[in-house]
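Please read the structure below before turning to the comments.
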Amino acid sequence: KPLTDEIIDYFAKRKIRRETLEAFRIGSDDKGNIIFPFYRDNALVYVKYRAPRKPQGKEKKEWQAHNTQPILFGMDLCAFSQPLIITEGQIDALSLYEAGIRNAVSVPCGCTNLDWIDHCWDWLEKFQTIILFGDSDEPGKKMVREVVRRLDEARCMVVEEYPDKPDGTPCKDANEILFYYGPETLRETLDAAQPVPVKGIIQ
């Protein structure tokens with residue numbers, strides 16, 4: 001169903017405009033939850049849900065449709081001629097798009113499930129460079145290390161330096177960088193991504 005005012009306001013508070021939501025074809029369900037649709041070749045393959053507010057009580061933060069195939073969010077918006085940026089969350093991919101960075105996707109279901117690599121393998125093989133932009137916490141760093149190992153160190157780059165929030169702690173992800181510092185700082189953070197050292201190669 002179409003976007004609701006509540007969903008639009010929810011994303012606006014995270015510095016993401018309606019135009020970006022529409023580019024990713026985000027919608028709502030009968031209960032007003034956010035629907036993140038995952039398309040590949042214009043076919044709906046995976047669906048993820050999220051309430052447009054903080055979870056209340058035992059309410060789940062996110063959940064996905066059953067019997068669907070986990071793939072990367074935003075695949076159909078990407079061009080093989082440009083580096084691919086992989087983030088940990090859908091809102092992070094939206095944040096990069098908001099900052100003018102178009103080849104951004106996110107993993108489907110958190111940092112521990114990497115089934116999407118097998119499902120998207122042929123598609124991923126078409127990119128010469130892949131930039132990993134995970135969360136700055138330890139689970140996010142662990143995911144990045146494992147993805148780099150699976151996708152070939154020689155073509156991977158990693159975002160390692162995150163600006164600090166006003167309280168002095170590092171921003172957790174791309175959306176926090178956009179929220180606190182705006183699109184220019186987010187682009188600068190991405191531009192500072194470093195190549196992964198290849199074992200056995202001496203400079």
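In the structure tokens, each chain is lettered A, B, ... as it comes, each chain's residues begin at 1, and ligands are numbered from 1 in order of appearance.
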Taking only residues of segment 33-94 of chain A that have an atom at most 10 Å from an atom of segment 161-173 of chain A, what is each one's shortest atom pair and its distance in Å to one decimal, using only C-alpha atoms, in chain and number order, as CSV?
residue,atom,partner,partner_atom,distance
A:Thr87,CA,A:Asp173,CA,8.5
A:Glu88,CA,A:Asp173,CA,8.3
A:Gly89,CA,A:Asp173,CA,8.7
A:Ile91,CA,A:Asp173,CA,9.4
A:Asp92,CA,A:Asp173,CA,6.8
Residue subset to file, keeping N, CA, C and O atoms, as a compact mmCIF listing (two decimals), in the first residue's frame:
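Result saved to again.txt:
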# COMPACT_ATOMS: atom_id res chain seq x y z
N THR A 87 25.82 -2.06 2.92
CA THR A 87 25.61 -1.60 4.29
C THR A 87 24.93 -2.70 5.10
O THR A 87 24.50 -3.72 4.56
N GLU A 88 24.79 -2.45 6.41
CA GLU A 88 24.21 -3.46 7.28
C GLU A 88 22.70 -3.34 7.41
O GLU A 88 22.03 -4.30 7.76
N GLY A 89 22.15 -2.14 7.15
CA GLY A 89 20.72 -1.95 7.33
C GLY A 89 20.09 -1.21 6.16
O GLY A 89 20.77 -0.44 5.46
N ILE A 91 18.02 1.24 6.21
CA ILE A 91 18.02 2.69 6.41
C ILE A 91 19.40 3.29 6.10
O ILE A 91 19.51 4.44 5.68
N ASP A 92 20.45 2.50 6.24
CA ASP A 92 21.79 2.97 5.86
C ASP A 92 21.92 3.10 4.35
O ASP A 92 22.51 4.06 3.84
Which neighbours of Lys199 of chain A fall inside 12 Å, counting only C-alpha atoms, when residues of the same chain fewer than 4 positions from it are skipped, and could you give them as a PyMOL selection string?
-> chain A and resi 149+152-154+203
Between A:Phe133, A:Trp121, A:Phe179, A:Tyr39, which has the minimum distance to Ala12 of chain A (counting only C-alpha atoms)?
->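 Under the stated criterion, the closest residue is A:Phe179.
Neighbouring residues of segment 110-118 of chain A at 7 Å or closer, counting only C-alpha atoms and skipping chain neighbours under 6 positions away, are Pro70, Ile71, Leu72, Glu88, Pro139, Gly140 and Met143 of chain A.
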DSSP-assigned helix (DSSP H, G or I) members of segment 15-59 of chain A, reported as number ranges by chain = A: 18-23
Do a neighbour search on Pro83 of chain A at 12 Å with only C-alpha atoms, toss out local chain neighbours closer than 3 positions, and write the hits as JSON, numbers by chain.
-> {"A": [78, 79, 80, 86, 101, 102, 103, 104, 105, 124, 125, 126, 127, 128, 129, 130, 131, 132, 155, 156, 157, 190, 191, 193]}
Quick one: everything within 7 Å of Gln69 of chain A, counting only C-alpha atoms, minus sequence neighbours fewer than 2 positions away in the same chain. Send it as a PyMOL selection string.
-> chain A and resi 45-46+67+71
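Checking A:Phe73, A:Pro2, A:Ala43, A:Lys60 one by one against Phe24 of chain A, counting only C-alpha atoms, you find the shortest gap at A:Phe73.
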Residues flagged strand (DSSP E) by DSSP in segment 103-196 of chain A, as an NGL selection string = :A and (104-106 or 130-133 or 156-158 or 194-195)
